[in-house]
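J.: Structure file data.txt (compact mmCIF, N, CA and C atoms) is given on the next line.
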```
# COMPACT_ATOMS: atom_id res chain seq x y z
N MET A 1 -210.16 64.60 -127.76
CA MET A 1 -209.88 65.50 -128.85
C MET A 1 -210.85 66.69 -128.86
N GLY A 2 -212.13 66.43 -128.56
CA GLY A 2 -213.13 67.50 -128.55
C GLY A 2 -212.85 68.52 -127.45
N THR A 3 -212.34 68.04 -126.29
CA THR A 3 -212.04 68.94 -125.19
C THR A 3 -210.90 69.88 -125.54
N SER A 4 -209.85 69.35 -126.22
CA SER A 4 -208.73 70.22 -126.59
C SER A 4 -209.15 71.27 -127.61
N ARG A 5 -210.04 70.91 -128.51
CA ARG A 5 -210.52 71.91 -129.48
C ARG A 5 -211.32 73.00 -128.77
N ALA A 6 -212.13 72.58 -127.83
CA ALA A 6 -212.92 73.55 -127.07
C ALA A 6 -212.02 74.50 -126.30
N ILE A 7 -210.97 73.96 -125.70
CA ILE A 7 -210.03 74.81 -124.96
C ILE A 7 -209.31 75.76 -125.90
N LEU A 8 -208.86 75.25 -127.05
CA LEU A 8 -208.18 76.11 -128.03
C LEU A 8 -209.12 77.20 -128.56
N PHE A 9 -210.40 76.89 -128.65
CA PHE A 9 -211.37 77.88 -129.12
C PHE A 9 -211.68 78.92 -128.03
N LEU A 10 -211.84 78.47 -126.80
CA LEU A 10 -212.24 79.36 -125.71
C LEU A 10 -211.09 80.18 -125.15
N LEU A 11 -209.86 79.68 -125.23
CA LEU A 11 -208.72 80.39 -124.67
C LEU A 11 -208.56 81.79 -125.25
N PRO A 12 -208.54 81.97 -126.58
CA PRO A 12 -208.42 83.35 -127.10
C PRO A 12 -209.59 84.25 -126.68
N LEU A 13 -210.80 83.69 -126.63
CA LEU A 13 -211.95 84.50 -126.19
C LEU A 13 -211.75 84.97 -124.76
N PHE A 14 -211.27 84.08 -123.91
CA PHE A 14 -211.02 84.44 -122.51
C PHE A 14 -209.95 85.51 -122.39
N ILE A 15 -208.88 85.36 -123.16
CA ILE A 15 -207.78 86.33 -123.11
C ILE A 15 -208.26 87.70 -123.54
N PHE A 16 -209.02 87.79 -124.64
CA PHE A 16 -209.49 89.09 -125.12
C PHE A 16 -210.55 89.67 -124.20
N ALA A 17 -211.36 88.81 -123.58
CA ALA A 17 -212.38 89.31 -122.65
C ALA A 17 -211.75 89.89 -121.40
N CYS A 18 -210.59 89.40 -121.03
CA CYS A 18 -209.92 89.87 -119.81
C CYS A 18 -209.03 91.07 -120.06
N LYS A 19 -208.93 91.50 -121.31
CA LYS A 19 -208.11 92.67 -121.61
C LYS A 19 -208.66 93.86 -120.83
N SER A 20 -207.81 94.47 -120.04
CA SER A 20 -208.29 95.55 -119.18
C SER A 20 -208.43 96.86 -119.95
N ALA A 21 -209.42 97.62 -119.53
CA ALA A 21 -209.60 98.96 -120.09
C ALA A 21 -208.56 99.89 -119.46
N LYS A 22 -208.45 101.06 -120.04
CA LYS A 22 -207.51 102.05 -119.51
C LYS A 22 -207.91 102.42 -118.09
N HIS A 23 -206.92 102.47 -117.20
CA HIS A 23 -207.20 102.81 -115.80
C HIS A 23 -206.81 104.25 -115.53
N TYR A 24 -207.64 104.92 -114.76
CA TYR A 24 -207.42 106.32 -114.43
C TYR A 24 -207.38 106.52 -112.92
N ASP A 25 -206.87 105.53 -112.20
CA ASP A 25 -206.91 105.61 -110.75
C ASP A 25 -205.59 106.06 -110.13
N ASN A 26 -204.78 106.79 -110.87
CA ASN A 26 -203.51 107.28 -110.35
C ASN A 26 -203.75 108.60 -109.60
N PRO A 27 -203.69 108.57 -108.27
CA PRO A 27 -203.96 109.79 -107.51
C PRO A 27 -202.87 110.86 -107.69
N GLU A 28 -201.74 110.47 -108.23
CA GLU A 28 -200.63 111.42 -108.44
C GLU A 28 -200.74 112.16 -109.77
N ARG A 29 -201.67 111.75 -110.61
CA ARG A 29 -201.77 112.36 -111.94
C ARG A 29 -202.11 113.84 -111.82
N ILE A 30 -201.41 114.64 -112.59
CA ILE A 30 -201.67 116.08 -112.64
C ILE A 30 -202.36 116.35 -113.98
N TYR A 31 -203.54 116.91 -113.91
CA TYR A 31 -204.31 117.19 -115.11
C TYR A 31 -203.96 118.56 -115.65
N SER A 32 -204.20 118.75 -116.94
CA SER A 32 -203.88 120.02 -117.58
C SER A 32 -204.95 121.08 -117.30
N PHE A 33 -205.99 120.74 -116.54
CA PHE A 33 -207.05 121.68 -116.22
C PHE A 33 -207.58 121.37 -114.82
N ASP A 34 -208.21 122.36 -114.19
CA ASP A 34 -208.75 122.21 -112.84
C ASP A 34 -210.24 121.86 -112.83
N GLU A 35 -210.94 122.33 -113.85
CA GLU A 35 -212.38 122.11 -113.95
C GLU A 35 -212.76 122.26 -115.41
N PHE A 36 -213.96 121.80 -115.73
CA PHE A 36 -214.44 122.01 -117.09
C PHE A 36 -215.94 122.22 -117.07
N ILE A 37 -216.40 122.88 -118.12
CA ILE A 37 -217.82 123.14 -118.32
C ILE A 37 -218.24 122.38 -119.56
N MET A 38 -219.39 121.77 -119.51
CA MET A 38 -219.95 121.22 -120.74
C MET A 38 -221.40 121.66 -120.84
N GLY A 39 -221.80 121.94 -122.06
CA GLY A 39 -223.15 122.42 -122.27
C GLY A 39 -223.67 122.02 -123.63
N TRP A 40 -224.98 122.16 -123.79
CA TRP A 40 -225.63 121.84 -125.04
C TRP A 40 -226.94 122.60 -125.12
N GLY A 41 -227.35 122.88 -126.34
CA GLY A 41 -228.63 123.56 -126.52
C GLY A 41 -228.68 124.35 -127.79
N GLY A 42 -229.57 125.32 -127.82
CA GLY A 42 -229.79 126.13 -129.00
C GLY A 42 -231.16 125.83 -129.58
N GLY A 43 -231.20 125.72 -130.88
CA GLY A 43 -232.45 125.39 -131.54
C GLY A 43 -233.47 126.50 -131.46
N PHE A 44 -234.74 126.12 -131.56
CA PHE A 44 -235.84 127.08 -131.60
C PHE A 44 -235.91 127.93 -130.33
N THR A 45 -235.71 127.32 -129.17
CA THR A 45 -235.85 128.05 -127.90
C THR A 45 -234.59 128.83 -127.54
N GLY A 46 -233.45 128.38 -128.03
CA GLY A 46 -232.19 129.02 -127.67
C GLY A 46 -231.73 128.68 -126.26
N GLU A 47 -232.40 127.74 -125.60
CA GLU A 47 -232.04 127.36 -124.24
C GLU A 47 -230.84 126.42 -124.23
N TYR A 48 -230.04 126.53 -123.19
CA TYR A 48 -228.86 125.69 -123.01
C TYR A 48 -228.89 125.05 -121.62
N GLU A 49 -228.36 123.84 -121.55
CA GLU A 49 -228.04 123.21 -120.26
C GLU A 49 -226.54 123.32 -120.11
N GLU A 50 -226.09 123.70 -118.93
CA GLU A 50 -224.65 123.88 -118.72
C GLU A 50 -224.27 123.37 -117.33
N TYR A 51 -223.18 122.62 -117.28
CA TYR A 51 -222.69 122.04 -116.04
C TYR A 51 -221.21 122.32 -115.88
N LEU A 52 -220.81 122.63 -114.66
CA LEU A 52 -219.41 122.82 -114.32
C LEU A 52 -219.00 121.62 -113.45
N ILE A 53 -217.96 120.92 -113.86
CA ILE A 53 -217.49 119.76 -113.12
C ILE A 53 -216.12 120.10 -112.55
N ARG A 54 -216.02 120.03 -111.22
CA ARG A 54 -214.78 120.38 -110.54
C ARG A 54 -213.98 119.12 -110.22
N ARG A 55 -212.70 119.31 -109.98
CA ARG A 55 -211.80 118.19 -109.68
C ARG A 55 -212.21 117.45 -108.40
N ASP A 56 -212.85 118.12 -107.47
CA ASP A 56 -213.28 117.46 -106.24
C ASP A 56 -214.57 116.66 -106.42
N GLY A 57 -215.10 116.63 -107.65
CA GLY A 57 -216.30 115.84 -107.96
C GLY A 57 -217.60 116.60 -107.88
N ILE A 58 -217.55 117.82 -107.39
CA ILE A 58 -218.78 118.61 -107.30
C ILE A 58 -219.23 119.05 -108.69
N VAL A 59 -220.52 118.87 -108.95
CA VAL A 59 -221.12 119.26 -110.23
C VAL A 59 -222.09 120.39 -109.94
N LEU A 60 -221.93 121.47 -110.68
CA LEU A 60 -222.80 122.64 -110.54
C LEU A 60 -223.56 122.82 -111.85
N GLN A 61 -224.78 123.31 -111.76
CA GLN A 61 -225.61 123.53 -112.94
C GLN A 61 -225.96 125.00 -113.05
N LYS A 62 -225.92 125.50 -114.28
CA LYS A 62 -226.36 126.87 -114.54
C LYS A 62 -227.74 126.81 -115.16
N ASN A 63 -228.67 127.51 -114.56
CA ASN A 63 -230.02 127.58 -115.11
C ASN A 63 -230.02 128.53 -116.30
N PHE A 64 -230.85 128.21 -117.30
CA PHE A 64 -230.92 129.03 -118.50
C PHE A 64 -231.28 130.46 -118.13
N GLY A 65 -230.53 131.41 -118.64
CA GLY A 65 -230.78 132.82 -118.39
C GLY A 65 -230.15 133.35 -117.11
N ASP A 66 -229.48 132.48 -116.37
CA ASP A 66 -228.85 132.88 -115.12
C ASP A 66 -227.34 132.92 -115.32
N ASP A 67 -226.65 133.72 -114.53
CA ASP A 67 -225.19 133.82 -114.63
C ASP A 67 -224.47 132.98 -113.59
N LYS A 68 -225.21 132.42 -112.64
CA LYS A 68 -224.58 131.68 -111.55
C LYS A 68 -224.79 130.17 -111.71
N PHE A 69 -223.83 129.42 -111.17
CA PHE A 69 -223.95 127.97 -111.09
C PHE A 69 -224.48 127.60 -109.72
N TYR A 70 -225.31 126.57 -109.67
CA TYR A 70 -225.90 126.10 -108.42
C TYR A 70 -225.58 124.62 -108.22
N PRO A 71 -225.49 124.16 -106.96
CA PRO A 71 -225.17 122.76 -106.70
C PRO A 71 -226.15 121.81 -107.40
N PHE A 72 -225.60 120.78 -108.00
CA PHE A 72 -226.41 119.80 -108.72
C PHE A 72 -226.19 118.38 -108.17
N GLY A 73 -224.94 118.03 -107.91
CA GLY A 73 -224.63 116.69 -107.44
C GLY A 73 -223.13 116.54 -107.24
N ARG A 74 -222.73 115.29 -107.02
CA ARG A 74 -221.31 115.04 -106.80
C ARG A 74 -220.97 113.65 -107.31
N PHE A 75 -219.85 113.58 -108.04
CA PHE A 75 -219.33 112.30 -108.51
C PHE A 75 -218.43 111.68 -107.45
N TYR A 76 -218.39 110.36 -107.41
CA TYR A 76 -217.41 109.67 -106.59
C TYR A 76 -216.02 109.94 -107.17
N GLU A 77 -215.01 109.86 -106.33
CA GLU A 77 -213.63 110.12 -106.77
C GLU A 77 -213.23 109.22 -107.93
N SER A 78 -213.66 107.96 -107.92
CA SER A 78 -213.30 107.06 -109.02
C SER A 78 -213.89 107.54 -110.35
N SER A 79 -215.11 108.06 -110.32
CA SER A 79 -215.72 108.59 -111.55
C SER A 79 -215.01 109.85 -112.02
N VAL A 80 -214.64 110.71 -111.08
CA VAL A 80 -213.95 111.96 -111.43
C VAL A 80 -212.62 111.64 -112.12
N SER A 81 -211.90 110.67 -111.59
CA SER A 81 -210.60 110.29 -112.19
C SER A 81 -210.78 109.80 -113.62
N VAL A 82 -211.83 109.03 -113.87
CA VAL A 82 -212.09 108.54 -115.23
C VAL A 82 -212.47 109.70 -116.14
N ILE A 83 -213.40 110.53 -115.70
CA ILE A 83 -213.87 111.65 -116.53
C ILE A 83 -212.72 112.61 -116.85
N PHE A 84 -211.97 113.02 -115.84
CA PHE A 84 -210.86 113.95 -116.07
C PHE A 84 -209.76 113.29 -116.89
N GLY A 85 -209.50 112.01 -116.65
CA GLY A 85 -208.47 111.30 -117.42
C GLY A 85 -208.83 111.18 -118.89
N GLU A 86 -210.09 110.84 -119.17
CA GLU A 86 -210.53 110.72 -120.56
C GLU A 86 -210.43 112.06 -121.29
N LEU A 87 -210.88 113.13 -120.64
CA LEU A 87 -210.81 114.45 -121.27
C LEU A 87 -209.36 114.89 -121.44
N ASP A 88 -208.56 114.70 -120.44
CA ASP A 88 -207.15 115.10 -120.52
C ASP A 88 -206.42 114.35 -121.63
N ASP A 89 -206.77 113.08 -121.83
CA ASP A 89 -206.16 112.28 -122.90
C ASP A 89 -206.48 112.84 -124.29
N LEU A 90 -207.58 113.59 -124.41
CA LEU A 90 -207.94 114.20 -125.69
C LEU A 90 -207.14 115.47 -125.98
N LYS A 91 -206.31 115.88 -125.03
CA LYS A 91 -205.47 117.07 -125.14
C LYS A 91 -206.31 118.31 -125.51
N PRO A 92 -207.25 118.68 -124.60
CA PRO A 92 -208.19 119.75 -124.93
C PRO A 92 -207.57 121.12 -125.18
N TRP A 93 -206.37 121.36 -124.65
CA TRP A 93 -205.73 122.66 -124.89
C TRP A 93 -205.22 122.77 -126.33
N ASP A 94 -205.05 121.62 -126.99
CA ASP A 94 -204.54 121.62 -128.36
C ASP A 94 -205.65 121.67 -129.40
N ILE A 95 -206.90 121.61 -128.96
CA ILE A 95 -208.03 121.58 -129.91
C ILE A 95 -208.56 122.99 -130.10
N ASN A 96 -208.46 123.47 -131.32
CA ASN A 96 -208.99 124.77 -131.69
C ASN A 96 -210.20 124.52 -132.60
N TRP A 97 -211.38 124.48 -132.02
CA TRP A 97 -212.57 124.08 -132.76
C TRP A 97 -213.73 124.97 -132.37
N ASP A 98 -214.23 125.74 -133.30
CA ASP A 98 -215.34 126.66 -133.05
C ASP A 98 -216.30 126.57 -134.22
N LYS A 99 -217.13 125.52 -134.22
CA LYS A 99 -218.06 125.28 -135.33
C LYS A 99 -219.47 125.02 -134.79
N PRO A 100 -220.11 126.06 -134.26
CA PRO A 100 -221.47 125.88 -133.74
C PRO A 100 -222.47 125.66 -134.87
N SER A 101 -223.64 125.17 -134.51
CA SER A 101 -224.73 125.04 -135.48
C SER A 101 -226.03 125.34 -134.74
N ASN A 102 -227.15 124.98 -135.34
CA ASN A 102 -228.43 125.24 -134.71
C ASN A 102 -228.50 124.61 -133.31
N LEU A 103 -228.11 123.36 -133.20
CA LEU A 103 -227.98 122.69 -131.90
C LEU A 103 -226.49 122.52 -131.64
N THR A 104 -226.02 123.09 -130.56
CA THR A 104 -224.58 123.17 -130.30
C THR A 104 -224.22 122.43 -129.02
N GLN A 105 -223.03 121.86 -129.03
CA GLN A 105 -222.47 121.23 -127.84
C GLN A 105 -221.09 121.83 -127.62
N TYR A 106 -220.65 121.86 -126.36
CA TYR A 106 -219.32 122.41 -126.10
C TYR A 106 -218.74 121.86 -124.82
N VAL A 107 -217.42 121.88 -124.78
CA VAL A 107 -216.65 121.54 -123.58
C VAL A 107 -215.62 122.65 -123.43
N GLU A 108 -215.54 123.21 -122.24
CA GLU A 108 -214.58 124.27 -121.97
C GLU A 108 -213.72 123.84 -120.78
N VAL A 109 -212.40 123.76 -121.00
CA VAL A 109 -211.48 123.44 -119.90
C VAL A 109 -210.96 124.75 -119.33
N ARG A 110 -210.69 124.72 -117.99
CA ARG A 110 -210.22 125.92 -117.30
C ARG A 110 -209.08 125.56 -116.36
N LYS A 111 -208.09 126.43 -116.35
CA LYS A 111 -207.00 126.33 -115.37
C LYS A 111 -206.56 127.74 -115.07
N ASP A 112 -206.62 128.11 -113.81
CA ASP A 112 -206.32 129.47 -113.37
C ASP A 112 -207.17 130.44 -114.18
N ALA A 113 -206.56 131.39 -114.87
CA ALA A 113 -207.32 132.36 -115.65
C ALA A 113 -207.45 131.95 -117.11
N SER A 114 -206.89 130.81 -117.48
CA SER A 114 -206.93 130.35 -118.87
C SER A 114 -208.11 129.42 -119.12
N LYS A 115 -208.62 129.47 -120.33
CA LYS A 115 -209.70 128.55 -120.71
C LYS A 115 -209.67 128.32 -122.21
N ASN A 116 -210.20 127.18 -122.61
CA ASN A 116 -210.32 126.84 -124.02
C ASN A 116 -211.66 126.16 -124.23
N ARG A 117 -212.48 126.72 -125.10
CA ARG A 117 -213.80 126.16 -125.39
C ARG A 117 -213.78 125.48 -126.75
N ILE A 118 -214.24 124.24 -126.77
CA ILE A 118 -214.36 123.44 -127.99
C ILE A 118 -215.85 123.40 -128.31
N ILE A 119 -216.23 123.92 -129.47
CA ILE A 119 -217.65 124.06 -129.83
C ILE A 119 -217.90 123.34 -131.15
N TRP A 120 -218.96 122.52 -131.17
CA TRP A 120 -219.33 121.84 -132.41
C TRP A 120 -220.84 121.70 -132.46
N GLY A 121 -221.36 121.40 -133.65
CA GLY A 121 -222.79 121.20 -133.82
C GLY A 121 -223.21 119.88 -133.18
N GLY A 122 -224.46 119.53 -133.32
CA GLY A 122 -224.99 118.31 -132.71
C GLY A 122 -224.20 117.06 -133.05
N HIS A 123 -224.65 115.92 -132.54
CA HIS A 123 -223.90 114.68 -132.66
C HIS A 123 -223.66 114.22 -134.09
N ASP A 124 -224.42 114.69 -135.05
CA ASP A 124 -224.22 114.28 -136.43
C ASP A 124 -223.24 115.17 -137.19
N SER A 125 -222.78 116.25 -136.56
CA SER A 125 -221.90 117.18 -137.27
C SER A 125 -220.43 116.78 -137.14
N ASP A 126 -219.61 117.48 -137.86
CA ASP A 126 -218.16 117.29 -137.80
C ASP A 126 -217.67 117.75 -136.43
N HIS A 127 -216.78 116.99 -135.83
CA HIS A 127 -216.25 117.33 -134.52
C HIS A 127 -214.88 116.71 -134.34
N PRO A 128 -214.10 117.21 -133.40
CA PRO A 128 -212.76 116.65 -133.17
C PRO A 128 -212.86 115.19 -132.73
N PRO A 129 -211.87 114.38 -133.10
CA PRO A 129 -211.89 112.95 -132.74
C PRO A 129 -211.99 112.75 -131.23
N GLY A 130 -212.89 111.87 -130.83
CA GLY A 130 -213.03 111.49 -129.44
C GLY A 130 -213.91 112.39 -128.59
N ILE A 131 -214.11 113.62 -129.00
CA ILE A 131 -214.81 114.57 -128.14
C ILE A 131 -216.31 114.24 -128.02
N GLN A 132 -216.93 113.80 -129.10
CA GLN A 132 -218.36 113.47 -129.05
C GLN A 132 -218.60 112.26 -128.14
N GLU A 133 -217.75 111.26 -128.25
CA GLU A 133 -217.86 110.07 -127.40
C GLU A 133 -217.70 110.46 -125.92
N PHE A 134 -216.69 111.29 -125.63
CA PHE A 134 -216.51 111.77 -124.26
C PHE A 134 -217.74 112.53 -123.80
N PHE A 135 -218.25 113.40 -124.64
CA PHE A 135 -219.39 114.25 -124.31
C PHE A 135 -220.62 113.40 -123.97
N VAL A 136 -220.93 112.43 -124.82
CA VAL A 136 -222.10 111.58 -124.61
C VAL A 136 -221.97 110.78 -123.32
N ASN A 137 -220.80 110.20 -123.09
CA ASN A 137 -220.59 109.40 -121.88
C ASN A 137 -220.70 110.26 -120.61
N THR A 138 -220.10 111.43 -120.64
CA THR A 138 -220.12 112.30 -119.46
C THR A 138 -221.51 112.87 -119.24
N ARG A 139 -222.20 113.21 -120.30
CA ARG A 139 -223.57 113.71 -120.18
C ARG A 139 -224.46 112.65 -119.53
N ARG A 140 -224.28 111.40 -119.91
CA ARG A 140 -225.05 110.30 -119.31
C ARG A 140 -224.76 110.20 -117.81
N LYS A 141 -223.49 110.34 -117.45
CA LYS A 141 -223.12 110.27 -116.03
C LYS A 141 -223.72 111.43 -115.24
N ILE A 142 -223.76 112.60 -115.85
CA ILE A 142 -224.38 113.75 -115.18
C ILE A 142 -225.87 113.51 -114.97
N ARG A 143 -226.54 113.00 -115.99
CA ARG A 143 -227.98 112.74 -115.87
C ARG A 143 -228.25 111.66 -114.83
N ASP A 144 -227.32 110.72 -114.67
CA ASP A 144 -227.49 109.67 -113.66
C ASP A 144 -227.38 110.20 -112.23
N LEU A 145 -226.84 111.42 -112.07
CA LEU A 145 -226.76 112.02 -110.73
C LEU A 145 -228.11 112.46 -110.21
N LYS A 146 -229.07 112.68 -111.11
CA LYS A 146 -230.39 113.19 -110.71
C LYS A 146 -231.11 112.21 -109.81
```
Just dump the structure as structure tokens.
T.:
Amino acid sequence: MGTSRAILFLLPLFIFACKSAKHYDNPERIYSFDEFIMGWGGGFTGEYEEYLIRRDGIVLQKNFGDDKFYPFGRFYESSVSVIFGELDDLKPWDINWDKPSNLTQYVEVRKDASKNRIIWGGHDSDHPPGIQEFFVNTRRKIRDLK
């Protein structure tokens, strides 16, 4: 009797633990953008960190006060698919958000000559649903490239 109770207790835990996360490994997926820029900064110094992430996984960094991007690192294809898939799922072309503050964060999607920049204050400010979570996760992945 004790074994059947244990099985009945553990079975739902096992089922929920095996629930798969969203997969972004479809090589046929067409994204609504070719590349995106994400940046953060401001405050007392007015300095910003800015990164351009391309579909081929190449990450470029813009130094503060410079107009050019320079090579920084490269994501594996599997990481690029997740990053682009997560951002594309947020429908960035539909987000019209321009609310900077003292410390500002932004994501700008680009396709051909079109672009859309989503700007919000730091992590404690009001922001579009999902964008802060995406931003924090992607920023961590960029820092892990160092």
J.: With only C-alpha atoms as the basis for distance, which of A:Glu49, A:Tyr31, A:Trp97, A:Met38 is at the shortest distance from Val136 of chain A?
T.: A:Met38
J.: Could you tell me which of A:Trp120, A:Phe64, A:Trp93, A:Phe36 comes closest to Tyr48 of chain A if we count only N, CA and C atoms?
T.: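 Among A:Trp120, A:Phe64, A:Trp93, A:Phe36, it is A:Phe64 that comes nearest to Tyr48 of chain A.
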J.: If you measure from atom CA of Leu145 of chain A to atom CA of Val107 of chain A, what distance in Å do you get, rounded to one decimal?
T.: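 Between atom CA of Leu145 of chain A and atom CA of Val107 of chain A the gap is 18.9 Å.
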J.: How far is it from atom CA of Lys115 of chain A to atom CA of Lys62 of chain A, in Å with one decimal?
T.: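 These two atoms are separated by 17.8 Å.
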J.: Could you jot down the atom CA of Arg140 of chain A to atom CA of Arg29 of chain A separation for me, Å, one decimal place?
T.: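 Distance reported for this atom pair: 24.5 Å.
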J.: So that I can check the surroundings of Gly43 of chain A, please list as a list of chain:residue names every protein, DNA and RNA residue that reaches within 6.5 Å of it, counting all atoms listed in the file and ignoring chain neighbours fewer than 6 positions away.
T.: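 Within the cut-off, the hits are A:Ser101, A:Asn102, A:Leu103, A:Thr104.
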J.: Tell me which of A:Leu87, A:Thr45, A:Ile53, A:Lys111 sits closest to Gly65 of chain A, counting only C-alpha atoms.
T.: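 Smallest distance to Gly65 of chain A is found for A:Thr45.
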J.: Identify which of the residues A:Lys146, A:Arg74, A:Arg110, A:Arg117 lies closest to Asn96 of chain A, counting all atoms listed in the file when measuring atom-to-atom distances.
T.: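 Ranked by minimum distance to Asn96 of chain A, first place goes to A:Arg117.
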J.: Hey, which of A:Gln105, A:Ser79, A:Thr138, A:Gln132 ends up closest to Ile119 of chain A? Count all atoms listed in the file.
T.: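 Of all the options, A:Gln105 lies closest to Ile119 of chain A.
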